[in-house]
Amino acid sequence: AAAAAAAAAAAAAAASSVMLTTPLAPLAKQLRRIPNLNARRWRYLSTASRSPPSGSKKPTQNSDAPQPHMQTPSLKQSFFRRKMSSDLKEPAGLEAEAATKRQGSLGWINSEESGLLEEAMKKSLVHDLVDHNRESANEVVPWFLNNMPRDYFDQLTKNVWYGHLRALNALFEMRENPDLLLSSPCGNYMTFIKSHNYTGLMAEMMAELPPHRSPTQVRMFTSLDCILAINVFAYGEQKLANDEIIDSRYMPTMRKYFDEYEDIKAGLEEQMFDEQSIRDYMKRCPRSYLNLCSPQRFVKQRKQFERVMGSETVDVRLERNYKWHSRKDTDQSRYALLSIATHNHSTRVTLEDFATYFASAKLDIEFLYLDTIVSGKQDNMDKDGNDEVDMITVLLKDPEEMTNEEWEEIRQDMERIKWVDHDALNVFNDSRFSSTPKITLVQAEILSSLCNMLHGQLNHNGSKTYTLDKMLDAVFNEYPSVSLAITSLFEERFHPTNTMPMEEQQKRVAEIQSRVNTVVDEFMRKLLDRMLQVVSQAKKTNLYLPGRKGLGISVNPETMSNMSQVPYGVFFMHGRRSNMFHVRFREHSRGGMRVATPNGIEGYSLRSNNHYQEAYGLAITQQAKNKDIAEGGSKAVVLVRLHEVGAMPQIKGRMSLNSSTDPKEIQRMGAETRERIVFRSVRLAADALLDLITPSEELQQHIVAYGERKEYVYLGPDEQITPEHINWITDHAKKRGLPYASAFMSSKPKTGINHKQYGVTSEGVCIFMDVALRNMGKDPTKEPFTLKMTGGPSGDVAGNALKILNRLYGDNTRVVGIVDHKGCAEDPEGLDMKELLRLVDNDLPVSDFDKSKLSTQGKLWLRDTIDGQVMCDSMHNRLEADAFLPGGGLPNTIRRDNWQNFLKEDGTPSSPLIVEAANIFIEQEARVKLTEKGVLIVKDSSANKCGVICSAMEIAANLLLTEDEFLNFRSEYVPDVLDHLRLLAKREADIMFAEYKKTGGVGGYENTLPGIAERISRVMNMCSDLIAAQIEAHLTFDQIAELAQNALLPSLREKAGQKFYELPKGYLVNMLAKYLSSQLVYHEGLDFVERSIPHNKFALVALQYFEETKRISHLLESVKKLGIPQQEEHEIMELLRTGGPRVAVLNSKVFHPSTEVSSSASTTVVDADVIEETTEAQSAQDERKSSRPKPNQQGNK
């Protein structure tokens, strides 16, 4: 009994090693209580159920075949054999059989004797197990200690590697090949034990890791005899080095190293490698990392850390012929060491990308170490809140046939792989296993970029024939040689040091075109033909720019657009999970950047189909909208692919595997992950755009441009662009050296005019609504009116519109329905305005509306139910109101196939007035149909134009003032800006409805409000374009600049001083042209400008009109001094004000040939007079203005 008890105790210490959920072991119940390891979380995965990825070199398992490199003779024949008895049964069957035999054999023994006998049998079995365990340990332990590399024992704690040893011993007992996945009880470690370190093993393991966590440390080891791989992934917080261990262990080593190699220290940056800097840096490093580093590696990776910190780049260093100290002296293999530093990226995704790349390159990983180093610098923290750098060291077998050029390509690919879209990366990796021509990672990126660019172009009619997957598969697999010929043409056209001559380009294009023409399949022929057109006519690219992120291409607009108006320029950017189109219609162009994040693969495919069309439509709308400002119209649409992310976030950082998985917490983390991807896509797009427009000599060394022209692009915030995005874009433009960096992005939270804060867009929207209601016979200041709106109280336009309407009309504003992304509130008696303003002030969605504030007929619908979704999406059609204000929503919400839903059962509209505050909320065809039904529609290009005008006025101030000067000036400037916005909106609204009254909307679309709005924009842009084209023939630069100052508000003009003359010439010309054209059109109307002014004299007429307007102002002042009766004075002044400038111009020498001499002489005389009289009149007016009493003061008569 004593011997049995001792045996049992020994078994508890030695035999209870692992809990293996394997079909082999009824003994598994015995193998539980492992110190520091949670047996219940250990899982056994049979090698029979797992296969390596395609292209892997995992050997077949043969229990009879001798295993190479075995050091122990007895182990050679038996270690980790896959041997299973043919009569071995499942555990349940074994237990049942054992119970039956036990009952049968003990049935004749009484119960007391039976218990004693059964206890004796148990003790006997325990004794046998202990003996067997000792025998196996005698073989396993020596092999383990002799063959695991030294770094394995240095890097892992004893508890961890001792657990591995016990697991191996148990597997040896069962004659099983090692194929285990182990988890520690604390959730900090996951260990893979594999029977062989075959090619593709790392990729296989990554697929089995938890999808919602990123490791903070990785250690991958291979036994010296190559028959075992142990790979450990650590999660949660790693122990950082403290002062005590730094002083006692690490600093003495570094001092000794620098003392022995003084020349090395002399070549290092002092601020990086003085003792205090080294100490501070070590405090950010995990102890295990410092234990691993030699002084040489520490110095190298310290430099890499500084290169990537805060830059989002990847730094890769290659060392060939690396001497691995753990290998035997007899080992003749060659090795290459890669040292990689990457900042601001998911560790898991990084490892997955590297794993698939190495597997496809057939490169064996001998070891891999990953450590996360904390920045410790708040100012270096990236905008995702991430302040860590992943430091990765990889040892690869170096095949004899590999050249230095091939290794350099691998090194460059490692630096690029972070930014390459997974579609391109997958195709590149797959091509290495196929029989098709091999492609480079850059070529895969080019082809993927072209397919994404042309996806919508080939499906512009709504066809789904050219799916993105089909396009990618076709170019890579069906016609790879032609596709590669196109990519090679692209590479050679833009090579900075070996650019293909133009004659050779033409010859190559003709050659490829002939091959394309022979393609039988119509789909492929169209695709390849469009690809060739884009590549052969592209203007510039950042392909060869060192450190680039996304692939940016300046596309010839004529190859992209089949629209009536060809844009001035088109930029396309392709990167990981995102694409961007930027379309502009003038050299100097302004327009918003918006982010589109469609839900699901179907939603993404639909949005991708219309990506270019959306950017084009928004840009041409912006062009019409920008009729009052110096810049033309543009738009950037960043399309982000989020449906692949899924619900589970990719969390990097301190969370262990056992951390909370509360659904709300998971949902929150998922939302944060999606926000990070959106922000990353915005940075990717902005950076590629800056690559192509920054006139830096350093950049130009790497960029070949076809066509010499400077690029002037100005951005503004649009959908899903946050203040954080704005700040980053502005700061990055400064960092990149863009000359007008402070003007690159408008609505800057600190140094701009925030649209939402001041409600600039909504000010204009409400002016148009006021004029429209009054022309409908409803004075909103005297009688109530009903309103339905989209956009929600937390939105910029809708929220500010609620505040302004309440300010102007009080209780007369009755909002009967409002909807946003969360819900819909509706009440026929009018929603409680105080409650709506509470939501506005607290930036809350409609779903937070207090139900108790609803009348008995009111409803609150939420989008989290099917019924709620339907009611929310139909609110703008269902509810009746005097006016509808779409302040947000998807483009083309009302379109050709659903516009009838806006009508009531009797065929009349549910709202007789629509003021389009949101861009392209109504598709053009639907707009035409609704106007035919009598709906008055104030088009978006007019209704929301004040937003972009404000941005232009902000940027003009940014170009003329420093940030500090603007901040001190803003409180004075903003009220002037708001007054000017209301004035411009009122002028256009008045001329629009004046033109409408002439025909009552009868006589075709051009006589409807939208048609008139388009005509106003068209006439003003035509007028300004003609003036800009002609004015340099009549005025010097100084004269242009002097006149252009009149386009500035007086307060800014005074503040700017001589800095105004430093603005780009083209910008000043456009500013003056827009100012003169708006003066002509708003004062004289469309007919006079269209029909009375010869096109070749627009600049002269505009200048003369400007002069006569100033002269009439002087005459008005003279009339006031005559002392005539008030009625007569009023009539005279009104006649002078309305008709005086026109009559004066028509009677001037500009319109009378008899007063004209030669063209040059006439020009000189007229222009000199214009400048002189204009300056005098302006000075006189300013002087009078300063001394004139205010309107509300006595003595104004």
# chains A, B, ... in the order shown; residues from 1 in each chain; ligands from 1
>>> select_by_dssp(residues="range 758-838 of chain A", states="strand (DSSP E)", output="list in words")
Phe785, Thr786, Leu787, Lys788, Met789, Thr790, Thr813, Arg814, Val815, Val816, Gly817, Ile818, Val819, Gly823, Cys824, Ala825 and Glu826 of chain A
>>> residues_around(residues="range 242-247 of chain A", least_positions_apart="2", cutoff="10 Å", atoms="only C-alpha atoms", output="number ranges by chain")
A: 239-240, 249-253, 278-280, 282-287, 290
>>> residues_around(residues="range 1011-1013 of chain A", least_positions_apart="4", cutoff="8 Å", atoms="only C-alpha atoms", output="MDAnalysis selection string")
chainID A and resid 938:939 941:942 992 995:996 1005:1007 1017
>>> write_last_selection(atoms="all heavy atoms", output="PDB file, in the first residue's frame")
ATOM      1  N   VAL A 938     -34.921  74.282 -55.704  1.00  0.00           N
ATOM      2  CA  VAL A 938     -33.713  75.096 -55.667  1.00  0.00           C
ATOM      3  C   VAL A 938     -32.533  74.125 -55.712  1.00  0.00           C
ATOM      4  O   VAL A 938     -32.290  73.370 -54.771  1.00  0.00           O
ATOM      5  CB  VAL A 938     -33.655  75.973 -54.407  1.00  0.00           C
ATOM      6  CG1 VAL A 938     -32.373  76.804 -54.404  1.00  0.00           C
ATOM      7  CG2 VAL A 938     -34.876  76.886 -54.342  1.00  0.00           C
ATOM      8  N   LYS A 939     -31.823  74.134 -56.819  1.00  0.00           N
ATOM      9  CA  LYS A 939     -30.786  73.137 -57.069  1.00  0.00           C
ATOM     10  C   LYS A 939     -29.617  73.260 -56.085  1.00  0.00           C
ATOM     11  O   LYS A 939     -29.324  74.342 -55.576  1.00  0.00           O
ATOM     12  CB  LYS A 939     -30.287  73.288 -58.505  1.00  0.00           C
ATOM     13  CG  LYS A 939     -29.549  72.091 -59.064  1.00  0.00           C
ATOM     14  CD  LYS A 939     -29.295  72.276 -60.541  1.00  0.00           C
ATOM     15  CE  LYS A 939     -28.582  71.065 -61.124  1.00  0.00           C
ATOM     16  NZ  LYS A 939     -27.230  70.917 -60.588  1.00  0.00           N
ATOM     17  N   SER A 941     -26.434  73.250 -56.476  1.00  0.00           N
ATOM     18  CA  SER A 941     -25.333  74.133 -56.842  1.00  0.00           C
ATOM     19  C   SER A 941     -25.600  75.572 -56.409  1.00  0.00           C
ATOM     20  O   SER A 941     -24.654  76.362 -56.268  1.00  0.00           O
ATOM     21  CB  SER A 941     -25.087  74.083 -58.350  1.00  0.00           C
ATOM     22  OG  SER A 941     -26.254  74.459 -59.062  1.00  0.00           O
ATOM     23  N   SER A 942     -26.853  75.911 -56.192  1.00  0.00           N
ATOM     24  CA  SER A 942     -27.194  77.238 -55.680  1.00  0.00           C
ATOM     25  C   SER A 942     -27.452  77.194 -54.178  1.00  0.00           C
ATOM     26  O   SER A 942     -26.913  78.001 -53.415  1.00  0.00           O
ATOM     27  CB  SER A 942     -28.448  77.776 -56.385  1.00  0.00           C
ATOM     28  OG  SER A 942     -28.235  77.923 -57.767  1.00  0.00           O
ATOM     29  N   MET A 992     -32.749  84.441 -59.723  1.00  0.00           N
ATOM     30  CA  MET A 992     -33.331  83.156 -60.109  1.00  0.00           C
ATOM     31  C   MET A 992     -34.850  83.266 -60.211  1.00  0.00           C
ATOM     32  O   MET A 992     -35.455  82.856 -61.218  1.00  0.00           O
ATOM     33  CB  MET A 992     -32.937  82.091 -59.092  1.00  0.00           C
ATOM     34  CG  MET A 992     -33.437  80.697 -59.425  1.00  0.00           C
ATOM     35  SD  MET A 992     -33.101  79.546 -58.067  1.00  0.00           S
ATOM     36  CE  MET A 992     -31.322  79.630 -57.986  1.00  0.00           C
ATOM     37  N   GLU A 995     -36.055  85.605 -63.071  1.00  0.00           N
ATOM     38  CA  GLU A 995     -36.070  84.910 -64.360  1.00  0.00           C
ATOM     39  C   GLU A 995     -37.244  83.929 -64.436  1.00  0.00           C
ATOM     40  O   GLU A 995     -37.865  83.768 -65.485  1.00  0.00           O
ATOM     41  CB  GLU A 995     -34.748  84.166 -64.573  1.00  0.00           C
ATOM     42  CG  GLU A 995     -33.529  85.054 -64.749  1.00  0.00           C
ATOM     43  CD  GLU A 995     -33.540  85.782 -66.093  1.00  0.00           C
ATOM     44  OE1 GLU A 995     -34.181  85.280 -67.049  1.00  0.00           O
ATOM     45  OE2 GLU A 995     -32.910  86.843 -66.188  1.00  0.00           O
ATOM     46  N   TYR A 996     -37.537  83.282 -63.318  1.00  0.00           N
ATOM     47  CA  TYR A 996     -38.631  82.298 -63.297  1.00  0.00           C
ATOM     48  C   TYR A 996     -39.979  82.970 -63.568  1.00  0.00           C
ATOM     49  O   TYR A 996     -40.845  82.419 -64.266  1.00  0.00           O
ATOM     50  CB  TYR A 996     -38.644  81.587 -61.946  1.00  0.00           C
ATOM     51  CG  TYR A 996     -39.726  80.526 -61.821  1.00  0.00           C
ATOM     52  CD1 TYR A 996     -39.578  79.288 -62.421  1.00  0.00           C
ATOM     53  CD2 TYR A 996     -40.881  80.786 -61.096  1.00  0.00           C
ATOM     54  CE1 TYR A 996     -40.556  78.313 -62.302  1.00  0.00           C
ATOM     55  CE2 TYR A 996     -41.868  79.819 -60.969  1.00  0.00           C
ATOM     56  CZ  TYR A 996     -41.702  78.580 -61.574  1.00  0.00           C
ATOM     57  OH  TYR A 996     -42.692  77.625 -61.455  1.00  0.00           O
ATOM     58  N   TYR A1005     -37.411  72.697 -69.679  1.00  0.00           N
ATOM     59  CA  TYR A1005     -36.621  72.597 -68.444  1.00  0.00           C
ATOM     60  C   TYR A1005     -35.796  73.851 -68.193  1.00  0.00           C
ATOM     61  O   TYR A1005     -35.594  74.248 -67.048  1.00  0.00           O
ATOM     62  CB  TYR A1005     -35.690  71.382 -68.534  1.00  0.00           C
ATOM     63  CG  TYR A1005     -34.762  71.225 -67.345  1.00  0.00           C
ATOM     64  CD1 TYR A1005     -35.231  70.750 -66.130  1.00  0.00           C
ATOM     65  CD2 TYR A1005     -33.412  71.571 -67.443  1.00  0.00           C
ATOM     66  CE1 TYR A1005     -34.379  70.619 -65.034  1.00  0.00           C
ATOM     67  CE2 TYR A1005     -32.560  71.443 -66.369  1.00  0.00           C
ATOM     68  CZ  TYR A1005     -33.039  70.970 -65.156  1.00  0.00           C
ATOM     69  OH  TYR A1005     -32.210  70.849 -64.079  1.00  0.00           O
ATOM     70  N   GLU A1006     -35.312  74.499 -69.252  1.00  0.00           N
ATOM     71  CA  GLU A1006     -34.454  75.664 -69.056  1.00  0.00           C
ATOM     72  C   GLU A1006     -35.179  76.812 -68.365  1.00  0.00           C
ATOM     73  O   GLU A1006     -34.545  77.733 -67.827  1.00  0.00           O
ATOM     74  CB  GLU A1006     -33.882  76.145 -70.394  1.00  0.00           C
ATOM     75  CG  GLU A1006     -34.908  76.616 -71.409  1.00  0.00           C
ATOM     76  CD  GLU A1006     -35.494  75.471 -72.246  1.00  0.00           C
ATOM     77  OE1 GLU A1006     -35.222  74.294 -71.922  1.00  0.00           O
ATOM     78  OE2 GLU A1006     -36.198  75.761 -73.218  1.00  0.00           O
ATOM     79  N   ASN A1007     -36.517  76.784 -68.358  1.00  0.00           N
ATOM     80  CA  ASN A1007     -37.287  77.835 -67.689  1.00  0.00           C
ATOM     81  C   ASN A1007     -37.712  77.461 -66.275  1.00  0.00           C
ATOM     82  O   ASN A1007     -38.354  78.258 -65.593  1.00  0.00           O
ATOM     83  CB  ASN A1007     -38.533  78.192 -68.507  1.00  0.00           C
ATOM     84  CG  ASN A1007     -38.175  78.880 -69.821  1.00  0.00           C
ATOM     85  OD1 ASN A1007     -37.184  79.615 -69.881  1.00  0.00           O
ATOM     86  ND2 ASN A1007     -38.955  78.637 -70.850  1.00  0.00           N
ATOM     87  N   SER A1017     -25.163  79.579 -63.401  1.00  0.00           N
ATOM     88  CA  SER A1017     -23.792  79.078 -63.229  1.00  0.00           C
ATOM     89  C   SER A1017     -23.047  79.055 -64.545  1.00  0.00           C
ATOM     90  O   SER A1017     -21.863  79.428 -64.624  1.00  0.00           O
ATOM     91  CB  SER A1017     -23.835  77.671 -62.620  1.00  0.00           C
ATOM     92  OG  SER A1017     -24.364  77.694 -61.313  1.00  0.00           O
TER      93      SER A1017
END
>>> select_by_dssp(residues="range 223-300 of chain A", states="alpha helix (DSSP H)", output="PyMOL selection string")
chain A and resi 243-245+251-260+262-266+270-273+275-282+287-292+295-300
>>> residues_around(residues="Ala137 in chain A", least_positions_apart="5", cutoff="10 Å", atoms="only C-alpha atoms", output="list in words")
Ala14, Asp131, His132, Pro142, Trp143, Phe144, Leu165, Arg166, Leu168, Asn169, Ala170, Phe172 and Glu173 of chain A
>>> residues_around(residues="range 300-311 of chain A", least_positions_apart="2", cutoff="8 Å", atoms="only C-alpha atoms", output="JSON, numbers by chain")
{"A": [296, 297, 298, 313, 314, 315, 339, 340, 341, 342, 343, 375, 380, 381, 382, 389, 391]}
>>> write_last_selection(atoms="C-alpha atoms", output="compact mmCIF listing (two decimals), in the first residue's frame")
# COMPACT_ATOMS: atom_id res chain seq x y z
CA GLN A 296 25.30 45.48 -32.47
CA ARG A 297 21.65 44.57 -33.09
CA PHE A 298 20.49 47.03 -30.44
CA THR A 313 6.77 53.81 -43.00
CA VAL A 314 8.46 50.41 -42.90
CA ASP A 315 12.24 50.13 -42.66
CA SER A 339 15.52 43.34 -39.59
CA ILE A 340 12.14 45.07 -39.97
CA ALA A 341 10.65 48.05 -38.15
CA THR A 342 7.04 49.03 -38.81
CA HIS A 343 4.90 51.66 -37.15
CA SER A 375 7.25 55.20 -28.18
CA ASN A 380 4.92 60.95 -31.89
CA MET A 381 1.65 59.18 -31.21
CA ASP A 382 -0.11 58.49 -34.47
CA VAL A 389 6.70 50.13 -33.23
CA MET A 391 10.50 45.26 -34.36
>>> closest_residue(among="A:Lys710, A:His725, A:Arg668, A:Arg416", to="Pro739 in chain A", atoms="only C-alpha atoms")
A:Lys710
>>> atom_distance(atom1="CA of Val637 in chain A", atom2="CA of Arg594 in chain A")
5.1 Å
>>> residues_around(residues="range 190-206 of chain A", least_positions_apart="6", cutoff="6 Å", atoms="only C-alpha atoms", output="ChimeraX atom specification")
/A:56-58,178-183,227-233,355-356,359,364
>>> atom_distance(atom1="CA of Lys851 in chain A", atom2="CA of Cys872 in chain A")
16.2 Å
>>> closest_residue(among="A:Val870, A:Ala336, A:Ile365, A:Ile553", to="Glu408 in chain A", atoms="only C-alpha atoms")
A:Ala336
>>> closest_residue(among="A:Leu890, A:Leu984, A:Ile753, A:Ala686", to="Arg607 in chain A", atoms="only C-alpha atoms")
A:Leu890
>>> atom_distance(atom1="CA of Met833 in chain A", atom2="CA of Leu860 in chain A")
15.2 Å
>>> closest_residue(among="A:Phe433, A:Asn133, A:Val840, A:Cys946", to="Met174 in chain A", atoms="only C-alpha atoms")
A:Asn133
